[in-house]
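Below is run_20.txt, holding compact mmCIF, C-alpha atoms and all ligand atoms.
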# COMPACT_ATOMS: atom_id res chain seq x y z
CA MET A 29 22.35 28.20 -0.67
CA ASN A 30 18.72 28.97 -1.50
CA ALA A 31 16.97 31.84 0.21
CA LEU A 32 13.52 33.31 -0.23
CA PRO A 33 13.49 35.61 -3.26
CA LYS A 34 13.68 39.27 -2.17
CA ASP A 35 10.47 39.96 -4.02
CA GLY A 36 7.87 37.41 -4.98
CA ILE A 37 8.00 35.88 -8.46
CA ALA A 38 4.90 36.08 -10.67
CA TRP A 39 2.88 32.86 -11.11
CA PRO A 40 3.40 32.53 -14.91
CA GLU A 41 7.14 32.52 -14.34
CA LEU A 42 6.83 29.99 -11.50
CA ARG A 43 4.51 27.79 -13.55
CA ALA A 44 7.10 27.75 -16.31
CA GLN A 45 9.79 26.82 -13.80
CA LEU A 46 7.65 24.02 -12.37
CA GLN A 47 7.04 22.65 -15.85
CA ASP A 48 10.70 22.86 -16.67
CA ALA A 49 11.75 21.13 -13.43
CA GLY A 50 9.69 18.06 -14.31
CA LYS A 51 11.31 17.62 -17.72
CA GLY A 52 14.07 15.45 -16.26
CA ASP A 53 11.64 13.18 -14.39
CA VAL A 54 10.95 9.77 -15.77
CA ASP A 55 7.94 9.43 -18.08
CA TRP A 56 5.46 7.75 -15.71
CA ARG A 57 2.60 8.23 -18.17
CA GLY A 58 4.61 6.17 -20.61
CA GLY A 59 4.70 3.27 -18.13
CA ARG A 60 8.40 3.69 -17.35
CA VAL A 61 8.00 3.52 -13.54
CA PRO A 62 7.48 0.07 -11.95
CA MET A 63 5.67 1.48 -8.87
CA PHE A 64 4.80 4.81 -7.15
CA ILE A 65 1.93 5.58 -9.56
CA HIS A 66 -1.60 4.15 -9.68
CA TYR A 67 -3.24 5.40 -12.84
CA ALA A 68 -6.71 4.34 -13.92
CA GLY A 69 -7.35 6.69 -16.85
CA ASP A 70 -7.48 10.43 -17.43
CA ASP A 71 -11.16 10.58 -16.47
CA VAL A 72 -10.46 9.14 -13.00
CA LEU A 73 -7.50 11.48 -12.56
CA GLU A 74 -9.68 14.45 -13.47
CA VAL A 75 -12.37 13.50 -10.94
CA ALA A 76 -9.71 13.14 -8.22
CA LYS A 77 -8.09 16.47 -9.14
CA GLN A 78 -11.34 18.44 -9.34
CA ALA A 79 -12.63 17.02 -6.05
CA TYR A 80 -9.26 17.67 -4.39
CA LEU A 81 -9.23 21.29 -5.56
CA MET A 82 -12.80 21.87 -4.36
CA TYR A 83 -11.69 20.98 -0.81
CA PHE A 84 -8.09 22.17 -1.15
CA SER A 85 -8.19 24.53 1.84
CA GLU A 86 -10.43 22.53 4.16
CA ASN A 87 -8.75 20.60 6.96
CA GLY A 88 -9.55 17.06 8.05
CA LEU A 89 -8.46 18.02 11.57
CA GLY A 90 -11.50 20.26 11.79
CA LEU A 91 -14.40 17.89 11.27
CA ARG A 92 -16.39 20.08 13.70
CA ALA A 93 -16.12 22.90 11.18
CA PHE A 94 -16.26 20.84 8.00
CA GLY A 95 -19.32 18.62 8.17
CA SER A 96 -18.72 17.92 4.48
CA LEU A 97 -15.41 16.18 5.20
CA ALA A 98 -16.90 14.32 8.18
CA ARG A 99 -19.63 13.00 5.89
CA PHE A 100 -17.20 12.06 3.09
CA GLU A 101 -14.89 10.25 5.50
CA SER A 102 -17.68 8.32 7.15
CA GLU A 103 -19.11 7.30 3.75
CA VAL A 104 -15.66 6.27 2.49
CA VAL A 105 -15.13 4.13 5.60
CA ARG A 106 -18.56 2.53 5.30
CA MET A 107 -17.98 1.74 1.61
CA ALA A 108 -14.65 0.17 2.59
CA LEU A 109 -16.19 -1.88 5.42
CA THR A 110 -18.94 -3.16 3.14
CA LEU A 111 -16.41 -4.13 0.48
CA MET A 112 -14.35 -6.00 3.07
CA HIS A 113 -17.31 -7.87 4.60
CA GLY A 114 -17.64 -5.76 7.73
CA ASP A 115 -20.84 -5.80 9.80
CA ASP A 116 -22.59 -3.52 12.29
CA ALA A 117 -19.72 -3.96 14.77
CA THR A 118 -16.85 -3.06 12.42
CA ARG A 119 -15.37 0.44 12.55
CA GLY A 120 -12.64 2.49 10.91
CA ALA A 121 -11.20 5.82 9.89
CA MET A 122 -9.16 7.36 7.10
CA THR A 123 -5.45 8.03 7.45
CA THR A 124 -2.94 9.70 5.16
CA GLY A 125 -1.29 6.52 3.86
CA GLY A 126 -0.25 2.94 4.36
CA THR A 127 2.54 3.66 6.80
CA GLU A 128 0.23 5.70 9.02
CA SER A 129 -2.44 2.98 8.91
CA ILE A 130 0.17 0.40 9.93
CA PHE A 131 1.52 2.59 12.75
CA LEU A 132 -1.96 3.03 14.15
CA ALA A 133 -2.87 -0.66 13.86
CA VAL A 134 0.31 -1.48 15.80
CA LYS A 135 -0.47 1.20 18.40
CA ALA A 136 -4.07 0.04 18.84
CA ALA A 137 -2.96 -3.59 19.20
CA ARG A 138 -0.22 -2.67 21.66
CA ASP A 139 -2.54 -0.57 23.83
CA LEU A 140 -5.28 -3.22 23.95
CA ALA A 141 -2.78 -5.99 24.73
CA LYS A 142 -1.16 -3.96 27.52
CA GLN A 143 -4.58 -3.23 28.97
CA ARG A 144 -5.61 -6.89 28.89
CA ARG A 145 -2.20 -8.44 29.67
CA PRO A 146 -0.36 -6.05 31.99
CA GLY A 147 2.65 -8.41 32.29
CA ILE A 148 3.86 -7.67 28.74
CA ARG A 149 7.52 -6.58 28.71
CA THR A 150 8.75 -5.47 25.26
CA PRO A 151 5.73 -5.92 22.98
CA GLN A 152 6.43 -7.90 19.82
CA ILE A 153 5.21 -7.82 16.23
CA VAL A 154 5.33 -11.25 14.57
CA MET A 155 5.37 -11.19 10.77
CA ALA A 156 6.86 -12.95 7.78
CA GLN A 157 10.12 -11.92 6.14
CA SER A 158 8.10 -10.32 3.32
CA ALA A 159 6.07 -7.88 5.46
CA HIS A 160 6.47 -4.19 4.65
CA PRO A 161 9.21 -2.16 6.43
CA ALA A 162 6.49 0.11 7.85
CA PHE A 163 6.05 -2.49 10.62
CA ASP A 164 9.73 -2.22 11.59
CA LYS A 165 9.48 1.54 11.35
CA ALA A 166 6.48 1.45 13.71
CA ALA A 167 8.34 -0.92 16.03
CA HIS A 168 11.34 1.39 16.07
CA PHE A 169 9.32 4.52 16.72
CA MET A 170 7.07 2.98 19.37
CA GLY A 171 9.44 0.67 21.21
CA LEU A 172 8.27 -2.74 20.01
CA GLN A 173 10.38 -5.68 18.91
CA PRO A 174 9.92 -6.91 15.32
CA VAL A 175 10.15 -10.69 14.87
CA ARG A 176 10.35 -11.92 11.28
CA THR A 177 9.68 -15.53 10.26
CA PRO A 178 10.93 -17.41 7.16
CA LEU A 179 8.82 -17.72 4.01
CA ARG A 180 7.56 -20.97 2.49
CA ALA A 181 8.97 -22.18 -0.82
CA ASP A 182 6.18 -20.33 -2.67
CA PHE A 183 7.21 -17.06 -0.94
CA THR A 184 4.05 -16.87 1.19
CA ALA A 185 4.15 -16.41 4.97
CA ASP A 186 4.40 -19.69 6.88
CA PRO A 187 1.55 -19.91 9.43
CA ASP A 188 3.37 -22.64 11.39
CA ALA A 189 6.49 -20.49 11.72
CA ILE A 190 4.31 -17.56 12.78
CA ALA A 191 2.46 -19.72 15.34
CA ALA A 192 5.80 -20.90 16.74
CA ALA A 193 7.15 -17.34 16.99
CA ILE A 194 4.22 -16.02 19.07
CA THR A 195 5.18 -15.48 22.71
CA GLU A 196 3.41 -13.96 25.70
CA ASP A 197 4.86 -10.59 24.60
CA THR A 198 3.36 -10.76 21.09
CA VAL A 199 0.76 -8.04 20.62
CA ILE A 200 0.15 -8.26 16.86
CA VAL A 201 0.57 -10.80 14.08
CA VAL A 202 0.67 -9.71 10.44
CA GLY A 203 -0.33 -11.19 7.09
CA SER A 204 -0.10 -9.38 3.74
CA VAL A 205 -2.52 -9.17 0.80
CA PRO A 206 -0.32 -9.18 -1.14
CA ALA A 207 3.19 -8.98 0.30
CA PHE A 208 5.13 -6.38 -1.64
CA PRO A 209 8.34 -8.27 -2.58
CA HIS A 210 6.76 -11.16 -4.57
CA GLY A 211 3.13 -10.06 -4.85
CA VAL A 212 1.83 -13.30 -3.33
CA VAL A 213 -1.19 -13.41 -1.03
CA ASP A 214 -0.41 -14.78 2.45
CA PRO A 215 -2.63 -17.56 3.90
CA ILE A 216 -4.75 -15.21 6.00
CA THR A 217 -7.19 -17.85 7.30
CA GLU A 218 -4.35 -19.95 8.70
CA ILE A 219 -2.42 -17.00 10.14
CA ALA A 220 -5.57 -15.58 11.75
CA ALA A 221 -6.33 -19.02 13.25
CA ALA A 222 -2.81 -19.22 14.67
CA ALA A 223 -3.11 -15.73 16.17
CA SER A 224 -6.58 -16.14 17.63
CA ALA A 225 -5.69 -19.56 19.10
CA GLN A 226 -3.22 -17.64 21.27
CA GLY A 227 -5.50 -14.65 21.83
CA VAL A 228 -3.40 -12.30 19.69
CA TRP A 229 -4.50 -9.47 17.38
CA MET A 230 -4.20 -10.30 13.65
CA HIS A 231 -3.62 -7.45 11.19
CA VAL A 232 -4.06 -7.84 7.44
CA ASP A 233 -1.81 -5.47 5.53
CA ALA A 234 -3.94 -4.95 2.43
CA CYS A 235 -2.35 -1.58 1.70
CA VAL A 236 -1.76 -2.80 -1.85
CA GLY A 237 -4.62 -5.29 -2.16
CA GLY A 238 -7.46 -3.63 -0.27
CA TYR A 239 -9.05 -2.02 -3.29
CA ILE A 240 -8.04 -4.54 -5.95
CA ALA A 241 -8.36 -7.94 -4.24
CA PRO A 242 -12.17 -7.66 -3.74
CA PHE A 243 -12.64 -7.14 -7.48
CA ALA A 244 -10.05 -9.75 -8.41
CA GLN A 245 -12.04 -12.18 -6.23
CA GLN A 246 -15.25 -11.28 -8.07
CA LEU A 247 -13.45 -12.14 -11.32
CA ASP A 248 -11.70 -15.22 -9.89
CA PRO A 249 -13.43 -16.78 -6.86
CA SER A 250 -10.46 -19.10 -6.30
CA ILE A 251 -8.56 -16.21 -4.66
CA PRO A 252 -8.80 -17.07 -0.94
CA ALA A 253 -10.71 -15.02 1.61
CA TRP A 254 -8.62 -12.46 3.51
CA ASP A 255 -10.93 -9.79 4.98
CA PHE A 256 -13.44 -9.61 7.87
CA SER A 257 -15.12 -12.74 6.48
CA VAL A 258 -12.13 -14.60 8.00
CA PRO A 259 -12.52 -15.31 11.73
CA GLY A 260 -9.68 -13.86 13.78
CA VAL A 261 -8.88 -10.91 11.49
CA THR A 262 -8.83 -7.92 13.86
CA SER A 263 -7.78 -5.04 11.60
CA ILE A 264 -7.10 -4.24 7.94
CA SER A 265 -5.04 -1.48 6.35
CA ALA A 266 -6.15 -0.67 2.78
CA ASP A 267 -4.73 2.24 0.81
CA LEU A 268 -7.03 4.38 -1.26
CA HIS A 269 -4.10 6.15 -2.90
CA LYS A 270 -2.96 2.87 -4.46
CA TYR A 271 -5.66 0.74 -6.12
CA GLY A 272 -8.48 3.01 -4.91
CA TYR A 273 -6.99 5.37 -7.56
CA THR A 274 -7.65 8.43 -5.38
CA ALA A 275 -5.32 11.33 -4.64
CA LYS A 276 -2.19 10.59 -2.62
CA GLY A 277 -2.60 11.03 1.11
CA ALA A 278 -5.47 8.57 1.60
CA SER A 279 -5.72 5.17 3.27
CA THR A 280 -8.28 3.37 5.41
CA LEU A 281 -7.72 1.53 8.69
CA LEU A 282 -10.55 -0.81 9.63
CA PHE A 283 -11.28 -2.71 12.84
CA ARG A 284 -13.34 -5.76 13.80
CA ASP A 285 -15.12 -3.93 16.63
CA ALA A 286 -15.29 -0.81 18.76
CA ASP A 287 -12.85 -2.17 21.38
CA ALA A 288 -10.14 -2.62 18.75
CA PHE A 289 -10.95 0.75 17.16
CA ALA A 290 -10.67 2.53 20.51
CA GLY A 291 -6.89 2.21 20.45
CA MET A 292 -6.56 4.09 17.16
CA GLY A 293 -7.52 7.42 18.66
CA TRP A 294 -5.59 9.68 21.00
CA PHE A 295 -7.04 12.15 23.48
CA PHE A 296 -5.36 14.97 25.41
CA ASP A 297 -6.56 17.92 27.43
CA ASN A 298 -3.70 18.89 29.75
CA TRP A 299 -2.93 22.26 28.15
CA PRO A 300 -4.68 25.63 27.94
CA ARG A 301 -6.50 25.07 24.67
CA GLY A 302 -9.02 22.42 25.55
CA GLN A 303 -9.67 18.90 24.37
CA TYR A 304 -7.59 17.52 21.51
CA PHE A 305 -8.56 14.26 19.83
CA THR A 306 -7.46 12.65 16.57
CA HIS A 307 -7.83 9.20 15.08
CA THR A 308 -4.68 9.89 13.09
CA LEU A 309 -1.00 10.26 13.86
CA VAL A 310 -1.00 13.54 11.95
CA GLY A 311 -3.03 16.55 13.01
CA THR A 312 -3.86 18.62 9.96
CA ARG A 313 -5.05 16.49 7.03
CA ALA A 314 -5.67 17.57 3.45
CA GLY A 315 -9.41 17.97 2.96
CA GLY A 316 -8.72 17.41 -0.73
CA ALA A 317 -7.52 13.86 -0.18
CA ILE A 318 -10.73 13.00 1.70
CA ALA A 319 -12.99 14.61 -0.90
CA ALA A 320 -11.08 12.99 -3.78
CA ALA A 321 -11.42 9.54 -2.18
CA TRP A 322 -15.16 9.99 -1.81
CA ALA A 323 -15.53 11.27 -5.37
CA VAL A 324 -13.42 8.59 -7.08
CA MET A 325 -15.08 5.74 -5.17
CA ASN A 326 -18.50 6.99 -6.18
CA TYR A 327 -17.36 7.75 -9.74
CA LEU A 328 -15.99 4.26 -10.37
CA GLY A 329 -18.40 2.16 -8.34
CA GLU A 330 -18.03 -1.60 -8.24
CA ALA A 331 -18.32 -1.99 -11.99
CA GLY A 332 -15.63 0.60 -12.66
CA TYR A 333 -13.18 -0.96 -10.22
CA ARG A 334 -13.92 -4.41 -11.61
CA ARG A 335 -13.27 -3.25 -15.20
CA ILE A 336 -9.95 -1.65 -14.27
CA THR A 337 -8.95 -4.67 -12.18
CA GLN A 338 -9.55 -6.97 -15.15
CA ARG A 339 -7.22 -4.85 -17.29
CA VAL A 340 -4.52 -4.76 -14.60
CA LEU A 341 -4.73 -8.55 -14.18
CA ASP A 342 -4.55 -9.01 -17.96
CA THR A 343 -1.47 -6.78 -18.04
CA ARG A 344 0.13 -8.89 -15.32
CA ALA A 345 -0.66 -12.06 -17.27
CA ALA A 346 0.87 -10.60 -20.45
CA LEU A 347 4.05 -9.58 -18.61
CA GLN A 348 4.22 -12.95 -16.88
CA ALA A 349 3.85 -14.84 -20.18
CA GLY A 350 6.36 -12.58 -21.93
CA THR A 351 9.03 -12.86 -19.25
CA ALA A 352 8.51 -16.65 -19.16
CA ARG A 353 9.22 -16.72 -22.93
CA LEU A 354 12.53 -15.00 -22.11
CA GLY A 355 13.37 -17.81 -19.67
CA LEU A 356 12.55 -15.84 -16.52
CA GLU A 357 10.60 -17.61 -13.82
CA THR A 358 7.78 -15.90 -11.92
CA PHE A 359 8.44 -16.12 -8.17
CA GLY A 360 5.49 -17.85 -6.50
CA ASP A 361 1.92 -17.45 -7.69
CA PRO A 362 1.02 -13.74 -7.78
CA ARG A 363 -2.76 -13.37 -7.99
CA LEU A 364 -3.05 -9.59 -7.99
CA SER A 365 -1.08 -6.68 -9.48
CA ILE A 366 2.50 -7.31 -8.32
CA LEU A 367 4.85 -9.59 -10.20
CA ALA A 368 8.48 -10.57 -9.53
CA TYR A 369 10.54 -12.71 -11.88
CA GLY A 370 14.13 -13.69 -12.58
CA SER A 371 16.58 -16.53 -13.09
CA PRO A 372 19.89 -17.56 -11.53
CA GLU A 373 21.17 -17.82 -15.12
CA VAL A 374 21.00 -14.07 -15.74
CA ASP A 375 22.86 -11.12 -14.28
CA THR A 376 19.89 -9.21 -12.92
CA ALA A 377 21.88 -6.16 -11.78
CA ALA A 378 23.69 -5.75 -15.11
CA ILE A 379 20.49 -6.19 -17.14
CA GLY A 380 18.76 -3.70 -14.85
CA ALA A 381 21.55 -1.18 -15.45
CA ARG A 382 21.11 -1.57 -19.23
CA MET A 383 17.34 -1.13 -18.88
CA THR A 384 17.99 2.04 -16.88
CA GLU A 385 20.10 3.39 -19.76
CA ARG A 386 17.09 2.77 -22.00
CA GLY A 387 14.92 4.98 -19.82
CA TRP A 388 13.21 2.43 -17.55
CA VAL A 389 13.13 2.86 -13.78
CA VAL A 390 13.86 -0.71 -12.73
CA GLY A 391 12.39 -2.38 -9.64
CA HIS A 392 14.35 -5.25 -8.16
CA VAL A 393 13.55 -8.03 -5.74
CA THR A 394 16.59 -9.39 -3.91
CA GLU A 395 15.57 -12.82 -2.55
CA PRO A 396 15.89 -14.36 -5.08
CA ALA A 397 17.45 -11.77 -7.38
CA GLY A 398 14.97 -10.58 -9.96
CA PHE A 399 12.78 -7.82 -11.34
CA HIS A 400 9.70 -6.35 -9.68
CA HIS A 401 6.59 -4.60 -10.98
CA MET A 402 3.52 -3.13 -9.30
CA LEU A 403 1.25 -2.68 -12.29
CA ASN A 404 -1.34 -0.13 -13.33
CA LEU A 405 -2.93 1.00 -16.57
CA THR A 406 0.14 2.98 -17.67
CA HIS A 407 1.80 -0.40 -18.20
CA GLU A 408 -0.99 -1.87 -20.32
CA PRO A 409 0.17 -0.45 -23.68
CA ILE A 410 3.91 -0.87 -23.13
CA VAL A 411 4.31 -4.51 -22.16
CA GLY A 412 5.52 -5.39 -25.68
CA ARG A 413 8.02 -2.53 -25.77
CA TYR A 414 9.30 -3.41 -22.29
CA LEU A 415 9.74 -7.06 -23.25
CA ASP A 416 11.59 -6.11 -26.45
CA ASP A 417 14.01 -3.95 -24.47
CA LEU A 418 14.40 -6.64 -21.81
CA ALA A 419 15.18 -9.25 -24.49
CA THR A 420 17.79 -6.93 -26.03
CA CYS A 421 19.40 -6.14 -22.68
CA MET A 422 19.47 -9.83 -21.75
CA ALA A 423 21.13 -10.69 -25.08
CA GLU A 424 23.76 -7.98 -24.52
CA THR A 425 24.58 -9.13 -20.96
CA PRO A 426 26.87 -12.06 -20.22
CA PRO A 427 25.66 -14.58 -17.63
CA PRO A 428 26.71 -13.88 -14.04
CA SER A 429 30.28 -14.92 -13.21
CA ARG A 430 29.79 -14.70 -9.45
CA SER A 431 26.73 -14.40 -7.31
CA ALA A 432 27.26 -11.07 -5.52
CA PRO A 433 24.14 -10.21 -3.52
CA LEU A 434 21.87 -7.82 -5.41
CA LYS A 435 21.30 -4.45 -3.79
CA ALA A 436 18.00 -2.81 -4.60
CA GLN A 437 16.27 0.47 -3.89
CA TYR A 438 12.58 0.73 -3.05
C1 LIG B 1 2.28 -4.01 1.42
C2 LIG B 1 2.50 -2.57 1.74
N1 LIG B 1 2.20 -2.10 2.96
C3 LIG B 1 2.39 -0.81 3.29
C4 LIG B 1 2.90 0.09 2.39
C5 LIG B 1 3.16 1.53 2.82
O1 LIG B 1 2.32 2.42 2.16
P1 LIG B 1 2.66 3.99 2.04
O2 LIG B 1 3.84 4.10 1.12
O3 LIG B 1 1.39 4.56 1.51
O4 LIG B 1 2.97 4.50 3.40
C6 LIG B 1 3.20 -0.35 1.10
C7 LIG B 1 3.73 0.57 0.09
O5 LIG B 1 3.99 0.21 -1.04
C8 LIG B 1 3.02 -1.71 0.77
O6 LIG B 1 3.36 -2.19 -0.43

Here is the file; what I need is its structure written in the form of C-alpha cells.
Amino acid sequence: MNALPKDGIAWPELRAQLQDAGKGDVDWRGGRVPMFIHYAGDDVLEVAKQAYLMYFSENGLGLRAFGSLARFESEVVRMALTLMHGDDATRGAMTTGGTESIFLAVKAARDLAKQRRPGIRTPQIVMAQSAHPAFDKAAHFMGLQPVRTPLRADFTADPDAIAAAITEDTVIVVGSVPAFPHGVVDPITEIAAAASAQGVWMHVDACVGGYIAPFAQQLDPSIPAWDFSVPGVTSISADLHKYGYTAKGASTLLFRDADAFAGMGWFFDNWPRGQYFTHTLVGTRAGGAIAAAWAVMNYLGEAGYRRITQRVLDTRAALQAGTARLGLETFGDPRLSILAYGSPEVDTAAIGARMTERGWVVGHVTEPAGFHHMLNLTHEPIVGRYLDDLATCMAETPPPSRSAPLKAQY
C-alpha cells in the first residue's frame, strides 16, 4: 500500500519518476491513439500551456476576485456565440467539459419544463441510439428517464422516430453534431422542428463538432445548418478541449435566451457563509483552462481554425479512401473528423487485437462491427503506415467463423 513518503522527495527526482512513468504510455504524438487527444501543432500547444501556467493558481469560482478570468470567460462565450450564429438574446457560460455541459443542459431543460408544465411525472430525455452516454449519466444522476430511438439506415437520428417518442413528460430532445459512434451529423433542422412543434427544448450536442463544424461549413457549404441559425435549437454544448484545441477542462454551454440560461445556474444562501452561486456543477475551476481557451482562440482566429480543419478533413478523406481500398465500407456519410468503417467479411475483433500488438490503440464501433477514429493532426503523417499495418493484419486474419457480438471500450 502507498503512503506519503516520510520526508518529501526533491523535484528533480520526482520529475525523473514522472518521465519514467510515461514511458509505457502509448505514443500519442505518433498518432497511435484513435481519440482522447486533439493536437493542432506544437505552437498551439505552447500557447495553451503558457496561458494555463500564467493562471495556474487562479480559480474560476472566484470571478469576484479574478476579473481577468471573468473577462476571458465572457469573451470566450461571446466568440462561441458569434461562431454559432447567436444574437443579442443568446447567452452561455464555460464548463469543465462535455459531460458537465450536457448535465447542465439537461438540468436547465428539466427545471424550465417543470416550471412551465407542473404536471410532469418522471421527466424524459428523447434521443437517438447514437447519442453520447453523458445523457444517460445525467438522467441517472438527476432522476430522468432516457428514451433512445432507432437510427436511420445512414446511421443518423430519425426525426420521425424522435417525434413519435416525445410524450408530455419529455423535457429535452437531443441531436448530435456529429454523433460519436459513426461521426455522422444528425438532421438538426428536422429534429428541432419536431421538438418545437410539441413545445419541447432541443439540445444540440456539438461537443465534438462545435469548433470544427463551423469551419468545415465554410470549406463545404453543403454541410447542413445545426446551430442557432436553426429555429427551435434551444441549447448547444461545444467542447473547447476537443476541436477548440485548448487545454483539457474547457467546454461551452450556450442558450437561445436568458430564460433558458437561467436554469444553468444554482443559487444557495441557507448556511452561515453567505450567498453561493455557480453556473457550473463544479465549484472550483482551473483558471488555467479558462485562460488557455481565451489565448488559443485568439491565437488561431478563424483562419487558423479553418486551416487546421482543412487538414483534418483531408486526413479523414485519406483514411476513408485507404480503408475503402482494403474493402472496408465507411458507415454512413461522415462530414467532419470522426470516421467508422468495417465489413461483415472481416473479423474486426481479431484484426484489432493484431493491430494492438503492433502498438496501435484501436477504437471500435459495435453496430455494425468496425473500427473508429476521431482524427487530429497527429494522424496526418501516419495514415499510410496505419493502412499498411491494417492491410497486413487483415491478411493474417481468417474471415469470421461466427458472428459473436463485438465488445468495445471507449
Ligand atoms: C458527442 C459527444 N458528446 C459528449 C462527450 C463528452 O465529453 P467529455 O468527455 O469532455 O465529458 C463526448 C466525448 O467524446 C462526445 O463525443

How big is the axis-aligned box, and where does its centre sit, when it encloses all atoms of ligand LIG 1 (chain B) listed in the file and has 5 Å added on every side, reported in Å to one decimal as lines of an AutoDock Vina configuration file?
center_x = 2.7
center_y = 0.3
center_z = 1.2
size_x = 12.6
size_y = 18.6
size_z = 14.4

Open item on the list: Distance limit 9 Å, reference ligand LIG 1 (chain B), atoms considered: all atoms listed in the file. Which residues make the cut? Give them as an MDAnalysis selection string.
Closed with: chainID A and resid 63:64 124:130 158:163 204:209 211 233:237 265:270 276:279 402 438

Task: One-decimal distance in Å that lies between CA of Ala76 in chain A and CA of Leu347 in chain A - done: 28.5 Å

Open item on the list: Residues within 12 Å of range 78-92 of chain A, please, as number ranges by chain. Count only C-alpha atoms; anything in the same chain fewer than 4 positions from it doesn't count.
Closed with: A: 71-74, 96-102, 121-124, 274-278, 304-327

TODO: Kindly indicate which residue among A:Arg60, A:Arg363, A:Arg145, A:His392 lies nearest to Lys435 in chain A, using all atoms listed in the file for the distances.
DONE: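 Of A:Arg60, A:Arg363, A:Arg145, A:His392, the one nearest Lys435 in chain A, counting all atoms listed in the file, is A:His392.
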
TODO: Return the single residue from A:Val213, A:Leu328, A:Ala221, A:Leu405 that is closest to Arg344 in chain A, with distances computed using only C-alpha atoms.
DONE: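 For Arg344 in chain A, the nearest of the candidates is A:Leu405.
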
Open item on the list: Just checking: using only C-alpha atoms, which residue out of A:Asp197, A:Glu357, A:Gln338, A:Ile379 ends up closest to Glu408 in chain A?
Closed with: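 Among A:Asp197, A:Glu357, A:Gln338, A:Ile379, it is A:Gln338 that comes nearest to Glu408 in chain A.
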
TODO: Please tell me which residues are no farther than 12 Å from (-16.4, -8.6, 9.5) in the file, counting only C-alpha atoms, and write them as number ranges by chain.
DONE: A: 108-120, 253-264, 282-285

Open item on the list: Under the rule that all atoms listed in the file are counted, which of A:Phe243, A:Tyr271, A:Arg301, A:Pro187 is the nearest residue to Ala222 in chain A?
Closed with: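 Among A:Phe243, A:Tyr271, A:Arg301, A:Pro187, it is A:Pro187 that comes nearest to Ala222 in chain A.
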
Task: Which of A:Thr394, A:Leu415, A:His407, A:Phe183 sits closest to Trp56 in chain A [using all atoms listed in the file] - done: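 Ranked by minimum distance to Trp56 in chain A, first place goes to A:His407.
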
Task: Interatomic distance, CA of Thr358 in chain A to CA of Asp342 in chain A (Å, one decimal) - done: 15.4 Å

- [ ] For CA of Gly332 in chain A and CA of Ala345 in chain A, determine how far apart the two atoms are, in Å to one decimal place.
- [x] 20.1 Å

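Applying the 12 Å criterion to (-6.9, -14.9, 24.0) in file coordinates and using only C-alpha atoms, one obtains the residues Leu140, Ala141, Arg144, Arg145, Glu196, Thr198, Val199, Ala221, Ala222, Ala223, Ser224, Ala225, Gln226, Gly227, Val228, Trp229, Met230 and Gly260 of chain A.
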